[in-house]
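One structure below.
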Amino acid sequence: MPNPSAPTPTSPIGTLLQVDGLTFHVPQRALFSRWSACIGPGVTLVQGGENSGKTSLLRLLAGDLAEQAGSLQIKGASLQPQPLAYLQQVFWIDPRTEVFDALSPHQFFAQQRA
């Protein structure tokens with residue numbers, strides 16, 4: 001399981017992404033149960049063992065996978081009542097996709113800027 005007990009800011013001041021009570025279970029086990037965090041701007045490391053829920057967490061935060069309970073908010077836009085406003089703040093590419101494999105990093109970033 002990704003480490004949801006890692007220290008995260010508890011104050012919404014300076015928060016970019018606010019997660020409240022995120023819950024997501026798969027048939028085999030609970031991946032997240034009422035997990036909350038305030039994540040500020042910058043780099044955040046998500047780590048865990050194989051099949052621990054890292055990709056599921058990223059998909060949940062990106063709005064690519066529906067949470068079973070809880071709420072996600074970026075810059076005041078909540079995913080559930082304001083999906084378009086929320087998703088406009090998110091950049092997500094599924095790591096399993098092969099769509100961009102033929103592009104160099106320079107080509108990829110030039111395409112994203114366009």
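For the structure tokens, the naming scheme is as follows: chains receive sequential letters (A, B, ...) according to their order of presentation, residues are indexed from 1 within each chain, and ligands are indexed from 1 in presentation order.
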> Tell me, which residues of chain A carry DSSP strand (DSSP E or B), written as a VMD selection string?
Replying inline: chain A and resid 17 to 26 29 to 39 69 to 74 77 to 78
> How many Å separate CA of Trp35 in chain A from CA of Ala69 in chain A?
Replying inline: 9.9 Å
> What is the CA of Gln28 in chain A-CA of Ser52 in chain A distance in Å, reported with one decimal?
Replying inline: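 Going from CA of Gln28 in chain A over to CA of Ser52 in chain A, I get 11.6 Å.
Counting only C-alpha atoms and comparing A:Arg113, A:Ile13, A:Pro95, A:Val19, the residue that lies closest to Ser78 in chain A is A:Val19.
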> What does the distance between CA of Leu17 in chain A and CA of Val46 in chain A come to in Å, to one decimal place?
Replying inline: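 Value for the CA of Leu17 in chain A-CA of Val46 in chain A distance: 14.5 Å.
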